[in-house]
$ cat my_file05.txt   # compact mmCIF, C-alpha atoms
# COMPACT_ATOMS: atom_id res chain seq x y z
CA MET R 4 10.63 16.83 -21.81
CA GLU R 5 9.72 14.08 -19.33
CA LEU R 6 7.30 11.47 -20.65
CA GLN R 7 4.72 10.35 -18.10
CA VAL R 8 1.67 8.08 -18.02
CA VAL R 9 -1.80 8.39 -16.52
CA LEU R 10 -2.69 4.85 -15.49
CA PRO R 11 -6.15 3.59 -16.52
CA ASP R 12 -8.31 3.28 -13.43
CA GLU R 13 -11.78 3.76 -14.87
CA SER R 14 -13.10 0.21 -15.11
CA PRO R 15 -14.14 -2.02 -12.18
CA ALA R 16 -13.70 -4.93 -14.59
CA MET R 17 -9.98 -4.26 -15.00
CA PRO R 18 -7.86 -6.81 -13.12
CA VAL R 19 -6.04 -4.96 -10.36
CA ARG R 20 -2.86 -6.76 -11.41
CA THR R 21 -2.99 -4.67 -14.60
CA LEU R 22 -1.94 -1.56 -12.68
CA VAL R 23 1.16 -3.36 -11.43
CA ASP R 24 2.03 -4.65 -14.88
CA LEU R 25 1.56 -1.23 -16.48
CA ALA R 26 3.59 0.56 -13.81
CA ARG R 27 6.47 -1.85 -14.32
CA ALA R 28 6.19 -1.51 -18.10
CA ALA R 29 6.24 2.29 -17.82
CA GLU R 30 9.35 2.13 -15.68
CA ASP R 31 11.09 -0.15 -18.19
CA LEU R 32 10.13 2.16 -21.09
CA GLY R 33 11.63 5.22 -19.42
CA TYR R 34 8.46 6.97 -18.28
CA THR R 35 9.31 9.08 -15.23
CA THR R 36 5.96 9.32 -13.43
CA ALA R 37 2.69 7.39 -13.30
CA TRP R 38 -0.43 9.32 -12.30
CA LEU R 39 -3.71 8.00 -10.89
CA PRO R 40 -7.15 9.68 -11.07
CA ASP R 41 -9.56 10.24 -8.20
CA HIS R 42 -13.30 10.19 -7.56
CA VAL R 43 -14.75 9.21 -4.19
CA LEU R 44 -18.49 8.81 -4.82
CA PRO R 45 -19.37 9.89 -8.36
CA PRO R 46 -23.02 10.11 -9.45
CA GLY R 47 -22.50 7.75 -12.38
CA GLU R 48 -20.65 4.60 -13.26
CA TYR R 49 -16.87 4.66 -13.40
CA GLY R 50 -15.73 4.94 -17.00
CA ARG R 51 -14.79 7.62 -19.51
CA THR R 52 -16.06 10.47 -17.30
CA PHE R 53 -15.19 9.20 -13.83
CA GLY R 54 -11.87 7.57 -12.97
CA GLY R 55 -10.51 6.33 -9.71
CA VAL R 56 -11.99 2.90 -9.09
CA TYR R 57 -9.05 2.13 -6.81
CA GLU R 58 -8.34 4.86 -4.28
CA PRO R 59 -5.17 6.55 -5.56
CA LEU R 60 -3.15 7.00 -2.37
CA VAL R 61 -3.67 3.40 -1.26
CA THR R 62 -2.85 2.22 -4.79
CA ILE R 63 0.32 4.31 -4.91
CA GLY R 64 1.43 2.73 -1.66
CA HIS R 65 1.22 -0.68 -3.32
CA LEU R 66 2.77 0.36 -6.63
CA THR R 67 5.81 2.02 -5.07
CA ALA R 68 6.55 -1.30 -3.37
CA VAL R 69 6.70 -3.20 -6.67
CA THR R 70 8.74 -0.64 -8.66
CA ASN R 71 12.17 0.91 -8.19
CA ARG R 72 12.52 4.28 -9.91
CA LEU R 73 9.10 5.34 -11.15
CA ARG R 74 7.49 8.29 -9.40
CA PHE R 75 3.78 8.28 -8.65
CA GLY R 76 1.23 11.01 -8.24
CA THR R 77 -2.44 11.89 -8.30
CA SER R 78 -3.90 13.57 -11.36
CA VAL R 79 -5.72 14.90 -9.62
CA LEU R 80 -6.81 14.23 -6.06
CA VAL R 81 -9.97 16.20 -5.21
CA VAL R 82 -8.78 17.93 -2.05
CA PRO R 83 -12.11 19.39 -0.79
CA LEU R 84 -13.55 15.87 -0.49
CA ARG R 85 -10.99 14.91 2.18
CA ASP R 86 -10.03 15.75 5.72
CA PRO R 87 -6.75 17.68 5.25
CA PHE R 88 -5.18 16.40 8.48
CA VAL R 89 -5.68 12.78 7.40
CA LEU R 90 -4.52 13.65 3.88
CA ALA R 91 -1.31 15.17 5.26
CA LYS R 92 -0.65 12.05 7.33
CA GLN R 93 -1.26 9.75 4.34
CA VAL R 94 0.95 11.70 1.96
CA ALA R 95 3.79 12.14 4.46
CA THR R 96 3.69 8.41 5.15
CA LEU R 97 3.73 7.59 1.43
CA HIS R 98 6.66 9.95 0.95
CA GLU R 99 8.68 8.14 3.59
CA LEU R 100 7.73 4.60 2.58
CA SER R 101 8.44 5.24 -1.11
CA GLY R 102 11.79 6.95 -0.62
CA GLY R 103 10.42 10.28 -1.80
CA ARG R 104 8.78 9.04 -5.01
CA VAL R 105 5.37 10.64 -4.48
CA THR R 106 3.89 13.85 -5.90
CA LEU R 107 0.59 15.13 -4.56
CA GLY R 108 -1.41 16.35 -7.53
CA VAL R 109 -4.37 18.44 -6.42
CA GLY R 110 -7.54 19.88 -7.87
CA VAL R 111 -10.70 21.52 -6.60
CA GLY R 112 -13.16 19.13 -8.26
CA TRP R 113 -15.98 19.89 -10.66
CA ASN R 114 -18.91 17.53 -9.99
CA MET R 115 -21.52 19.05 -7.67
CA PRO R 116 -23.48 15.81 -7.09
CA GLU R 117 -20.32 14.11 -5.81
CA PHE R 118 -19.74 16.95 -3.34
CA ASP R 119 -23.36 16.76 -2.20
CA ALA R 120 -23.11 13.00 -1.76
CA VAL R 121 -20.24 13.27 0.73
CA GLY R 122 -21.37 16.49 2.39
CA ALA R 123 -18.56 18.63 0.98
CA ASP R 124 -18.71 22.37 0.30
CA TYR R 125 -19.00 22.77 -3.47
CA PRO R 126 -19.46 26.58 -3.68
CA HIS R 127 -16.30 27.24 -1.65
CA ARG R 128 -14.19 24.35 -2.96
CA GLY R 129 -11.42 26.62 -4.23
CA ALA R 130 -11.01 28.39 -0.91
CA VAL R 131 -11.19 25.07 0.95
CA THR R 132 -8.41 23.72 -1.27
CA ASP R 133 -6.21 26.75 -0.65
CA ASP R 134 -6.69 26.48 3.11
CA ALA R 135 -5.94 22.75 3.01
CA LEU R 136 -2.74 23.34 1.03
CA ALA R 137 -1.64 25.99 3.52
CA LEU R 138 -2.16 23.48 6.33
CA LEU R 139 -0.24 20.77 4.46
CA SER R 140 2.64 23.18 3.88
CA HIS R 141 2.76 23.92 7.60
CA LEU R 142 2.66 20.25 8.62
CA PHE R 143 5.16 19.08 5.99
CA ALA R 144 7.60 21.73 7.18
CA GLY R 145 7.46 20.32 10.70
CA GLY R 146 5.22 23.10 11.91
CA VAL R 147 4.15 22.98 15.52
CA ALA R 148 1.01 23.94 17.37
CA PRO R 149 -0.77 26.20 17.59
CA TYR R 150 -1.77 26.66 13.96
CA ARG R 151 -4.65 28.94 13.09
CA GLY R 152 -6.04 29.01 9.60
CA SER R 153 -9.31 30.40 8.32
CA ARG R 154 -10.82 26.90 8.16
CA PHE R 155 -8.34 24.43 9.60
CA SER R 156 -6.68 25.08 12.95
CA TYR R 157 -5.31 23.17 15.92
CA GLU R 158 -4.21 24.29 19.35
CA GLN R 159 -2.15 21.23 20.22
CA GLY R 160 -0.81 18.17 18.46
CA VAL R 161 2.33 16.62 17.00
CA PHE R 162 2.66 15.72 13.33
CA ALA R 163 4.85 12.85 12.12
CA PRO R 164 6.48 11.69 9.99
CA VAL R 165 7.84 15.04 8.91
CA PRO R 166 8.92 14.47 5.30
CA GLU R 167 12.63 14.61 4.63
CA GLY R 168 12.98 17.12 1.86
CA SER R 169 9.81 18.41 0.27
CA VAL R 170 6.70 16.65 -0.98
CA PRO R 171 6.20 18.03 -4.49
CA ILE R 172 2.78 19.55 -5.11
CA MET R 173 1.25 19.48 -8.58
CA VAL R 174 -1.73 21.73 -9.26
CA GLY R 175 -4.00 20.74 -12.12
CA GLY R 176 -6.37 22.90 -14.13
CA ASN R 177 -6.52 25.52 -16.85
CA SER R 178 -8.32 28.33 -15.06
CA ASP R 179 -6.76 31.52 -13.78
CA ALA R 180 -7.56 30.33 -10.26
CA ALA R 181 -5.62 27.11 -10.88
CA LEU R 182 -2.64 29.09 -12.15
CA ARG R 183 -2.74 31.34 -9.09
CA ARG R 184 -2.90 28.26 -6.87
CA ALA R 185 0.05 26.71 -8.69
CA ALA R 186 2.03 29.94 -8.39
CA ARG R 187 1.41 30.05 -4.64
CA PHE R 188 1.63 26.39 -3.61
CA GLY R 189 2.80 24.31 -6.54
CA ASP R 190 6.03 22.81 -7.73
CA VAL R 191 4.33 21.70 -10.96
CA TRP R 192 1.35 22.97 -12.92
CA GLN R 193 -0.41 20.42 -15.15
CA GLY R 194 -2.78 21.85 -17.73
CA ILE R 195 -5.09 20.32 -20.32
CA PRO R 196 -5.10 22.99 -23.04
CA ALA R 197 -6.55 22.72 -26.52
CA ASP R 198 -3.44 23.57 -28.54
CA PRO R 199 0.23 24.58 -28.14
CA GLY R 200 -0.54 28.26 -28.56
CA THR R 201 -3.02 28.21 -25.68
CA PHE R 202 -0.53 26.29 -23.59
CA ALA R 203 2.22 28.82 -24.29
CA GLU R 204 -0.10 31.63 -23.17
CA ARG R 205 -0.86 29.77 -19.92
CA VAL R 206 2.87 29.21 -19.34
CA ARG R 207 3.52 32.94 -19.69
CA THR R 208 0.72 33.73 -17.26
CA LEU R 209 2.09 31.18 -14.79
CA ALA R 210 5.55 32.76 -14.96
CA GLU R 211 4.10 36.20 -14.27
CA LEU R 212 2.06 34.94 -11.31
CA SER R 213 4.92 32.92 -9.85
CA ALA R 214 7.10 36.01 -9.42
CA GLY R 215 10.37 34.12 -9.34
CA ARG R 216 9.11 30.82 -7.88
CA ASP R 217 10.14 27.85 -10.00
CA VAL R 218 6.92 26.12 -11.06
CA VAL R 219 7.36 23.45 -13.75
CA PRO R 220 4.89 23.73 -16.67
CA ALA R 221 3.37 20.36 -17.55
CA LEU R 222 0.64 19.00 -19.75
CA ARG R 223 -1.84 16.12 -19.76
CA ILE R 224 -3.26 14.72 -23.00
CA GLY R 225 -5.10 11.60 -24.12
CA TRP R 226 -4.33 9.12 -26.90
CA ASP R 227 -6.29 5.92 -27.39
CA GLY R 228 -4.63 4.79 -30.60
CA SER R 229 -7.35 6.14 -32.88
CA THR R 230 -4.89 8.55 -34.54
CA PRO R 231 -1.41 7.71 -35.86
CA VAL R 232 1.30 7.74 -33.23
CA GLU R 233 3.40 10.07 -35.37
CA ARG R 234 0.75 12.77 -35.00
CA VAL R 235 0.86 12.41 -31.22
CA ALA R 236 4.65 12.60 -31.27
CA ASP R 237 4.50 15.74 -33.43
CA ALA R 238 2.05 17.30 -30.97
CA ALA R 239 4.32 16.39 -28.07
CA VAL R 240 7.23 18.16 -29.73
CA ALA R 241 5.06 21.22 -30.39
CA TYR R 242 4.03 21.36 -26.74
CA ARG R 243 7.65 20.97 -25.69
CA GLU R 244 8.54 23.96 -27.84
CA ALA R 245 5.64 25.85 -26.25
CA GLY R 246 7.19 25.35 -22.83
CA ALA R 247 6.05 21.95 -21.54
CA ALA R 248 8.69 20.28 -19.38
CA GLN R 249 6.52 17.22 -18.69
CA LEU R 250 3.94 15.40 -20.78
CA ALA R 251 1.49 12.99 -19.12
CA VAL R 252 -0.51 10.76 -21.47
CA HIS R 253 -3.66 8.79 -20.76
CA PHE R 254 -3.70 5.91 -23.25
CA GLY R 255 -7.38 5.02 -23.13
CA GLU R 256 -8.81 1.81 -21.75
CA HIS R 257 -6.52 -0.67 -20.06
CA ARG R 258 -6.57 -3.12 -22.95
CA GLY R 259 -3.79 -2.01 -25.29
CA THR R 260 -2.32 0.62 -22.97
CA ALA R 261 1.01 -1.20 -22.70
CA GLU R 262 1.34 -1.37 -26.49
CA ARG R 263 0.45 2.29 -26.92
CA MET R 264 2.92 3.31 -24.21
CA ALA R 265 5.67 1.46 -26.06
CA ALA R 266 4.66 2.93 -29.44
CA LEU R 267 4.74 6.53 -28.21
CA ALA R 268 8.04 6.06 -26.37
CA ALA R 269 9.56 4.69 -29.58
CA ALA R 270 8.08 7.50 -31.71
CA LEU R 271 9.59 10.13 -29.41
CA ALA R 272 12.99 8.50 -29.08
CA GLY R 273 15.66 10.88 -30.36
CA ARG R 274 13.25 13.73 -31.08

$ encode --input "my_file05.txt" --output "structure tokens"
Amino acid sequence: MELQVVLPDESPAMPVRTLVDLARAAEDLGYTTAWLPDHVLPPGEYGRTFGGVYEPLVTIGHLTAVTNRLRFGTSVLVVPLRDPFVLAKQVATLHELSGGRVTLGVGVGWNMPEFDAVGADYPHRGAVTDDALALLSHLFAGGVAPYRGSRFSYEQGVFAPVPEGSVPIMVGGNSDAALRRAARFGDVWQGIPADPGTFAERVRTLAELSAGRDVVPALRIGWDGSTPVERVADAAVAYREAGAAQLAVHFGEHRGTAERMAALAAALAGR
């Protein structure tokens, strides 16, 4: 099971250099991917509920330049808040500049006031996300004009850079709709279930919906050091046995994250 980290990006008071230091530490400790959260214009202060002080795609562009092996992704980028043509251009550019070390993690969003603030369509956010992902798939495959989708179309235009290989898509969420989206568009599904049994049930549902497509089951959890690291390691093993191929961990506030990353990596070594 791959061990991954969700970088802390919830505090405007955190020195931006901390993200660089933590990314490099994660790489040295053997973590395979570092994820960044996303909120554009939340209705409350950034903190425990709202992450994404630093815009994730811009931040990933910087972090890939100061690391060597570590992959980066968004967990998750709220697709309906963005223009999908610009998003495709940004992600394709990141893919090329990073040497293919970027995963686009997507979600539909959940906070209605944030959608209202930026003029986005909250009631139809799932359908908007699906249409955006269909457009991205077309553009990333080098698709040419004309393209006609139910929401996003173009009669003429040239897209570049066309990514060499594929840009992996991670779909986050526990709902049936999220699983259907992952089965249709995703390379990875990242859930946040309550227990290994629930996760195993979701993995079985994903396999049924995927109908032969290879979608990697993954999991995101949180650990802020308030419980013994051995308990977290035991839970990680239980989730691995339930089908998780990747485990992403958010380690709480930025102070102490490096130490907790090292503690969990050591606790899982050899297990």

$ residues_around --input "my_file05.txt" --residues "Val79 (chain R)" --least-positions-apart "2" --cutoff "8 Å" --atoms "only C-alpha atoms" --output "NGL selection string"
:R and (39-41 or 77 or 81 or 108-110 or 174-175)

$ atom_distance --input "my_file05.txt" --atom1 "CA of Ala269 (chain R)" --atom2 "CA of Val206 (chain R)"
27.4 Å

$ residues_around --input "my_file05.txt" --residues "Thr132 (chain R)" --least-positions-apart "5" --cutoff "8 Å" --atoms "only C-alpha atoms" --output "JSON, numbers by chain"
{"R": [82, 83, 110, 111]}

$ closest_residue --input "my_file05.txt" --among "R:His141, R:His257, R:Arg183, R:Arg274" --to "Ala91 (chain R)" --atoms "all atoms listed in the file"
R:His141

$ residues_around --input "my_file05.txt" --residues "Ala186 (chain R)" --least-positions-apart "5" --cutoff "10 Å" --atoms "only C-alpha atoms" --output "MDAnalysis selection string"
chainID R and resid 174 180:181 191:192 208:219

$ closest_residue --input "my_file05.txt" --among "R:Gly102, R:Gly273, R:Pro116, R:Pro11" --to "Val43 (chain R)" --atoms "all atoms listed in the file"
R:Pro116

$ closest_residue --input "my_file05.txt" --among "R:Gln249, R:Asn71, R:Thr260, R:Ser140" --to "Phe88 (chain R)" --atoms "only C-alpha atoms"
R:Ser140

$ closest_residue --input "my_file05.txt" --among "R:Pro171, R:Gly176, R:Pro166, R:Gly225" --to "Lys92 (chain R)" --atoms "all atoms listed in the file"
R:Pro166

$ closest_residue --input "my_file05.txt" --among "R:Thr96, R:Thr201, R:Thr230, R:Ser153" --to "Asp134 (chain R)" --atoms "only C-alpha atoms"
R:Ser153

$ residues_around --input "my_file05.txt" --residues "region 154-158 of chain R" --least-positions-apart "3" --cutoff "10 Å" --atoms "only C-alpha atoms" --output "MDAnalysis selection string"
chainID R and resid 86:88 130:131 133:135 137:138 147:151

$ closest_residue --input "my_file05.txt" --among "R:Ala251, R:Gly152, R:Ala272, R:Ala203" --to "Thr35 (chain R)" --atoms "only C-alpha atoms"
R:Ala251

$ residues_around --input "my_file05.txt" --residues "Ala123 (chain R)" --least-positions-apart "4" --cutoff "9 Å" --atoms "only C-alpha atoms" --output "list of chain:residue names"
R:Pro83, R:Leu84, R:Arg85, R:Glu117, R:Phe118, R:Asp119, R:Arg128

$ atom_distance --input "my_file05.txt" --atom1 "CA of Val23 (chain R)" --atom2 "CA of Pro164 (chain R)"
26.7 Å

$ atom_distance --input "my_file05.txt" --atom1 "CA of Gly33 (chain R)" --atom2 "CA of Arg263 (chain R)"
13.8 Å
